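One structure below.
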Amino acid sequence: MGVRIMAVGDDLIHKQLYEAARLPEGGYCFDGMFDGVRDVIAQADVRVINQETILVADEAQVSSFPAFGTPVAVGQAVVDAGFNVVTHASNHALDKGLDGIADTLAFWELHEDRVCMLGLHPSAADQERVRSIEVDGVKIALVNCTEKLNFRRLPRGARYCVDVMKGFSRRALAARIGRAREEADFVVVFPHWGCEYLYEPIDSQRRWASFFAEAGADLIVGTHPHVVQPVEWIERADGGRTLCYYSLGNFISCQVGAGTMLGALADVTLERAGGGVRIASHDIVPLVTHTDASYGRFTTYPLADYTDEMATENKIFAVVEKHRGIHVDVAYLRTLFDDILHCRAQAYNEYKTPWDVNVGNVKGVLNALRGKNVKG
């Protein structure tokens with residue numbers, strides 16, 4: 001049978017999502033976000049989600065873009081949906097400072113018997129420990145790191161709090177992956193990297209991918225761009241190959257775009273061969289986030305389960321058609337997904353270069369402060 005790994009992208013909790021999850025009696029329930037994929041991920045042994053936004057215990061700290069604070073009830077929904085690996089090293093990790101990290105660590109500590117949380121640490125000693133999951137005698141080491149912290153800096157005395165991928169951290173990352181290589185049968189690296197909204201990886205992603213591969217990664221699963229990017233094999237100097245999913249896009253969000261509502265699920269099966277463990281098969285499955293006509297509920301489905309009737313109801317697709325003149329239906333989403341995987345999606349990009357994205361993000365922050373739009 002082999003060991004099966006499934007991973008999805010950014011769990012990006014905008015205001016519309018937490019308002020839709022608010023309960024009349026107080027508090028939140030986010031279970032519905034996962035109803036469309038619950039049975040799918042249950043088929044895997046290792047089930048991974050990128051928790052893009054930091055968790056907060058105090059409802060007064062709940063907030064949306066540009067500085068997110070997500071109710072801990074989201075974490076509970078992630079647990080109840082069946083995910084057993086959560087990556088937390090993201091550009092939003094410091095949105096609520098060290099208090100937000102403390103809240104997040106405290107929540108996951110309550111569930112450490114069921115969930116392996118990556119990317120955040122309470123101490124330098126904890127940061128040095130290699131995280132792993134063992135399934136049927138196969139030990140899988142897991143490493144998570146982020147390229148950006150949205151211009152925030154880790155305090156000098158707490159640089160261990162978030163795993164970062166910077167020039168100064170390359171040696172430490174290589175050492176950590178090397179230890180993982182020694183301790184485990186298979187190594188997966190989850191980088192939070194690249195440029196938002198571009199359908200192809202940028203040069204820095206390719207350089208980091210080569211670095212991770214040469215350091216000992218067998219599989220790379222990327223997040224952060226908020227859109228899906230291609231999958232490719234990276235040839236290593238030792239003659240081996242590393243499989244790289246450059247970006248799985250958003251798992252769920254309220255970002256207004258056809259591409260940001262189209263995500264992906266990585267599906268990888270491992271097998272023992274030649275005294276080691278290798279990738280026996282791999283796939284990438286399109287997902288789509290659905291919302292109703294009033295942002296009253298949000299659920300992500302496999303695109304195979306999505307219908308044109310649902311697309312017609314989806315408020316975000318209505319906004320895309322109104323403002324960009326793009327009619328989004330199932331055929332459009334299938335074509336977009338195929339074009340992304342075959343590196344034909346440049347024409348879909350609203351932004352053409354990283355510079356365009358940076359300018360757009362500055363405008364997005366200003367508009368968000370005026371209450372005009374949703375970014376991530």
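If you're wondering about the labels, chains in the structure tokens are A, B, ... by order shown, residues count from 1 in each chain, ligands from 1 in order shown.
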
Name the residues in contact with A:Tyr28 at a cut-off of 12 Å, using only C-alpha atoms, excluding same-chain residues fewer than 5 positions from it; report them as a PyMOL selection string.
chain A and resi 17-23+57+59+62+70-77

From a backbone DSSP assignment, name each residue in stretch 74-312 of chain A labelled helix (DSSP H, G or I), as an NGL selection string.
:A and (74-81 or 97-109 or 124-128 or 156-158 or 167-183 or 203-215 or 303-305 or 308-312)

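Each of A:Phe298, A:Ile279, A:Leu336, A:His224 was checked against A:Cys29 using only C-alpha atoms; the smallest atom-to-atom distance is that of A:Phe298.
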
What lies within 6 Å of stretch 217-220 of chain A using only C-alpha atoms, ignoring chain neighbours under 4 positions off, as a list in words?
Val187, Val188, Val189, Phe190, Phe212, Ala213, Thr242, Leu243 and Cys244 of chain A

Written file, previous selection with C-alpha atoms, as a tab-separated table (two decimals), in the first residue's frame:
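File produced: part.tsv:
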chain	number	residue	atom	x	y	z
A	187	VAL	CA	12.64	14.26	4.39
A	188	VAL	CA	9.96	16.81	3.47
A	189	VAL	CA	10.65	20.57	3.47
A	190	PHE	CA	7.74	23.04	3.54
A	212	PHE	CA	16.93	22.17	-0.12
A	213	ALA	CA	17.38	19.30	-2.56
A	242	THR	CA	13.72	15.76	-5.45
A	243	LEU	CA	10.05	16.41	-6.21
A	244	CYS	CA	9.01	20.05	-5.82

Using DSSP on the backbone, list every residue of stretch 170-343 of chain A that comes out as strand (DSSP E), and give them as an mmCIF file with N, CA and C atoms, in the first residue's frame.
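Wrote it out as result.cif, contents follow:
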data_model
loop_
_atom_site.group_PDB
_atom_site.id
_atom_site.type_symbol
_atom_site.label_atom_id
_atom_site.label_comp_id
_atom_site.auth_asym_id
_atom_site.auth_seq_id
_atom_site.Cartn_x
_atom_site.Cartn_y
_atom_site.Cartn_z
ATOM 1 N N PHE A 186 12.855 9.571 5.102
ATOM 2 C CA PHE A 186 12.363 10.460 4.048
ATOM 3 C C PHE A 186 12.244 11.852 4.654
ATOM 4 N N VAL A 187 12.629 12.884 3.881
ATOM 5 C CA VAL A 187 12.640 14.256 4.394
ATOM 6 C C VAL A 187 11.758 15.147 3.519
ATOM 7 N N VAL A 188 10.827 15.864 4.170
ATOM 8 C CA VAL A 188 9.963 16.815 3.474
ATOM 9 C C VAL A 188 10.250 18.215 4.012
ATOM 10 N N VAL A 189 10.467 19.169 3.103
ATOM 11 C CA VAL A 189 10.646 20.572 3.472
ATOM 12 C C VAL A 189 9.446 21.364 2.972
ATOM 13 N N PHE A 190 8.899 22.201 3.856
ATOM 14 C CA PHE A 190 7.737 23.043 3.543
ATOM 15 C C PHE A 190 8.174 24.511 3.585
ATOM 16 N N PRO A 191 8.652 25.075 2.470
ATOM 17 C CA PRO A 191 9.056 26.481 2.471
ATOM 18 C C PRO A 191 7.877 27.415 2.176
ATOM 19 N N HIS A 192 7.860 28.533 2.874
ATOM 20 C CA HIS A 192 6.882 29.597 2.614
ATOM 21 C C HIS A 192 7.665 30.665 1.863
ATOM 22 N N LEU A 219 11.337 15.707 -0.801
ATOM 23 C CA LEU A 219 10.098 16.311 -1.275
ATOM 24 C C LEU A 219 10.027 17.734 -0.747
ATOM 25 N N ILE A 220 9.631 18.675 -1.623
ATOM 26 C CA ILE A 220 9.459 20.076 -1.252
ATOM 27 C C ILE A 220 8.016 20.461 -1.569
ATOM 28 N N VAL A 221 7.333 21.047 -0.584
ATOM 29 C CA VAL A 221 5.938 21.459 -0.780
ATOM 30 C C VAL A 221 5.834 22.929 -0.364
ATOM 31 N N VAL A 231 4.692 21.841 -10.789
ATOM 32 C CA VAL A 231 5.386 20.781 -10.065
ATOM 33 C C VAL A 231 6.521 20.286 -10.960
ATOM 34 N N GLU A 232 7.700 20.065 -10.385
ATOM 35 C CA GLU A 232 8.797 19.550 -11.206
ATOM 36 C C GLU A 232 9.780 18.741 -10.366
ATOM 37 N N TRP A 233 10.534 17.899 -11.039
ATOM 38 C CA TRP A 233 11.629 17.165 -10.419
ATOM 39 C C TRP A 233 12.900 17.994 -10.494
ATOM 40 N N ILE A 234 13.648 18.011 -9.412
ATOM 41 C CA ILE A 234 14.934 18.716 -9.365
ATOM 42 C C ILE A 234 16.045 17.675 -9.339
ATOM 43 N N GLU A 235 16.943 17.756 -10.313
ATOM 44 C CA GLU A 235 18.064 16.813 -10.384
ATOM 45 C C GLU A 235 19.143 17.236 -9.386
ATOM 46 N N ARG A 241 16.813 12.584 -7.379
ATOM 47 C CA ARG A 241 15.861 13.628 -7.751
ATOM 48 C C ARG A 241 14.988 13.985 -6.559
ATOM 49 N N THR A 242 14.618 15.254 -6.485
ATOM 50 C CA THR A 242 13.717 15.761 -5.452
ATOM 51 C C THR A 242 12.469 16.315 -6.132
ATOM 52 N N LEU A 243 11.301 15.921 -5.648
ATOM 53 C CA LEU A 243 10.047 16.412 -6.211
ATOM 54 C C LEU A 243 9.670 17.726 -5.547
ATOM 55 N N CYS A 244 9.324 18.722 -6.354
ATOM 56 C CA CYS A 244 9.011 20.055 -5.823
ATOM 57 C C CYS A 244 7.650 20.541 -6.305
ATOM 58 N N TYR A 245 6.750 20.758 -5.352
ATOM 59 C CA TYR A 245 5.493 21.475 -5.590
ATOM 60 C C TYR A 245 5.780 22.931 -5.214
ATOM 61 N N ASN A 250 -4.001 28.883 -2.295
ATOM 62 C CA ASN A 250 -4.831 28.986 -1.091
ATOM 63 C C ASN A 250 -5.649 27.725 -0.904
ATOM 64 N N PHE A 251 -5.714 27.246 0.338
ATOM 65 C CA PHE A 251 -6.722 26.230 0.640
ATOM 66 C C PHE A 251 -8.078 26.914 0.752
ATOM 67 N N ILE A 252 -8.128 28.009 1.526
ATOM 68 C CA ILE A 252 -9.368 28.766 1.667
ATOM 69 C C ILE A 252 -9.015 30.208 1.973
ATOM 70 N N LEU A 262 -8.629 29.121 -6.586
ATOM 71 C CA LEU A 262 -8.238 27.822 -7.127
ATOM 72 C C LEU A 262 -6.987 27.352 -6.398
ATOM 73 N N GLY A 263 -7.124 26.297 -5.627
ATOM 74 C CA GLY A 263 -5.984 25.758 -4.891
ATOM 75 C C GLY A 263 -5.635 24.371 -5.378
ATOM 76 N N ALA A 264 -4.795 23.678 -4.611
ATOM 77 C CA ALA A 264 -4.383 22.335 -5.017
ATOM 78 C C ALA A 264 -4.093 21.479 -3.801
ATOM 79 N N LEU A 265 -4.216 20.190 -3.999
ATOM 80 C CA LEU A 265 -3.865 19.189 -2.999
ATOM 81 C C LEU A 265 -2.746 18.327 -3.572
ATOM 82 N N ALA A 266 -1.625 18.277 -2.875
ATOM 83 C CA ALA A 266 -0.530 17.394 -3.277
ATOM 84 C C ALA A 266 -0.801 16.008 -2.712
ATOM 85 N N ASP A 267 -0.613 14.990 -3.546
ATOM 86 C CA ASP A 267 -0.902 13.608 -3.166
ATOM 87 C C ASP A 267 0.306 12.753 -3.549
ATOM 88 N N VAL A 268 1.066 12.314 -2.555
ATOM 89 C CA VAL A 268 2.325 11.601 -2.790
ATOM 90 C C VAL A 268 2.312 10.285 -2.031
ATOM 91 N N THR A 269 2.658 9.210 -2.701
ATOM 92 C CA THR A 269 2.744 7.901 -2.067
ATOM 93 C C THR A 269 4.197 7.434 -2.033
ATOM 94 N N LEU A 270 4.631 6.980 -0.856
ATOM 95 C CA LEU A 270 5.990 6.499 -0.660
ATOM 96 C C LEU A 270 6.001 4.973 -0.603
ATOM 97 N N GLU A 271 7.130 4.397 -1.014
ATOM 98 C CA GLU A 271 7.298 2.955 -0.905
ATOM 99 C C GLU A 271 8.750 2.631 -0.574
ATOM 100 N N ARG A 272 8.958 1.497 0.034
ATOM 101 C CA ARG A 272 10.309 1.023 0.294
ATOM 102 C C ARG A 272 10.865 0.385 -0.973
ATOM 103 N N ALA A 273 12.118 0.730 -1.295
ATOM 104 C CA ALA A 273 12.751 0.175 -2.485
ATOM 105 C C ALA A 273 14.259 0.295 -2.346
ATOM 106 N N GLY A 276 15.840 1.724 0.796
ATOM 107 C CA GLY A 276 15.451 3.061 1.214
ATOM 108 C C GLY A 276 13.974 3.303 0.973
ATOM 109 N N VAL A 277 13.592 4.557 0.999
ATOM 110 C CA VAL A 277 12.197 4.951 0.745
ATOM 111 C C VAL A 277 12.197 5.936 -0.416
ATOM 112 N N ARG A 278 11.311 5.729 -1.369
ATOM 113 C CA ARG A 278 11.244 6.619 -2.532
ATOM 114 C C ARG A 278 9.796 6.977 -2.828
ATOM 115 N N ILE A 279 9.614 7.949 -3.712
ATOM 116 C CA ILE A 279 8.281 8.343 -4.157
ATOM 117 C C ILE A 279 7.822 7.353 -5.219
ATOM 118 N N ALA A 280 6.741 6.655 -4.926
ATOM 119 C CA ALA A 280 6.197 5.677 -5.864
ATOM 120 C C ALA A 280 5.253 6.329 -6.871
ATOM 121 N N SER A 281 4.494 7.332 -6.421
ATOM 122 C CA SER A 281 3.568 8.036 -7.305
ATOM 123 C C SER A 281 3.286 9.413 -6.730
ATOM 124 N N HIS A 282 2.866 10.308 -7.587
ATOM 125 C CA HIS A 282 2.508 11.655 -7.115
ATOM 126 C C HIS A 282 1.453 12.250 -8.026
ATOM 127 N N ASP A 283 0.645 13.137 -7.453
ATOM 128 C CA ASP A 283 -0.434 13.776 -8.192
ATOM 129 C C ASP A 283 -0.660 15.158 -7.611
ATOM 130 N N ILE A 284 -1.375 15.982 -8.345
ATOM 131 C CA ILE A 284 -1.814 17.282 -7.835
ATOM 132 C C ILE A 284 -3.268 17.446 -8.239
ATOM 133 N N VAL A 285 -4.120 17.700 -7.246
ATOM 134 C CA VAL A 285 -5.573 17.698 -7.431
ATOM 135 C C VAL A 285 -6.089 19.122 -7.254
ATOM 136 N N PRO A 286 -6.844 19.645 -8.230
ATOM 137 C CA PRO A 286 -7.366 21.014 -8.086
ATOM 138 C C PRO A 286 -8.477 21.104 -7.052
ATOM 139 N N LEU A 287 -8.459 22.196 -6.287
ATOM 140 C CA LEU A 287 -9.484 22.510 -5.303
ATOM 141 C C LEU A 287 -10.070 23.870 -5.633
ATOM 142 N N VAL A 288 -11.268 24.132 -5.166
ATOM 143 C CA VAL A 288 -11.864 25.451 -5.358
ATOM 144 C C VAL A 288 -12.608 25.847 -4.088
ATOM 145 N N THR A 289 -12.430 27.096 -3.680
ATOM 146 C CA THR A 289 -13.151 27.622 -2.518
ATOM 147 C C THR A 289 -14.484 28.195 -2.968
ATOM 148 N N HIS A 290 -15.530 27.772 -2.299
ATOM 149 C CA HIS A 290 -16.876 28.244 -2.618
ATOM 150 C C HIS A 290 -17.387 29.124 -1.485
ATOM 151 N N THR A 291 -18.041 30.201 -1.860
ATOM 152 C CA THR A 291 -18.801 30.999 -0.903
ATOM 153 C C THR A 291 -20.157 31.308 -1.512
ATOM 154 N N PHE A 298 -18.300 29.423 3.802
ATOM 155 C CA PHE A 298 -17.134 29.145 2.955
ATOM 156 C C PHE A 298 -16.786 27.668 3.087
ATOM 157 N N THR A 299 -16.595 27.013 1.964
ATOM 158 C CA THR A 299 -16.203 25.605 1.950
ATOM 159 C C THR A 299 -15.316 25.359 0.745
ATOM 160 N N THR A 300 -14.288 24.554 0.927
ATOM 161 C CA THR A 300 -13.414 24.195 -0.190
ATOM 162 C C THR A 300 -13.725 22.778 -0.650
ATOM 163 N N TYR A 301 -13.826 22.626 -1.980
ATOM 164 C CA TYR A 301 -14.167 21.340 -2.589
ATOM 165 C C TYR A 301 -13.109 20.924 -3.606
ATOM 166 N N PRO A 302 -12.954 19.631 -3.855
ATOM 167 C CA PRO A 302 -12.232 19.212 -5.059
ATOM 168 C C PRO A 302 -12.953 19.784 -6.280
#

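Proximity of A:Gln255, A:Asn50, A:Asn144, A:Ser210 to A:Val86, computed with only C-alpha atoms, is greatest for A:Asn50.
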
9 Å contact set for stretch 117-121 of chain A, only C-alpha atoms, chain neighbours under 4 positions out, as number ranges by chain:
A: 84-90, 93, 101, 104-105, 108-109, 112, 125-127, 131, 142-146, 160-164
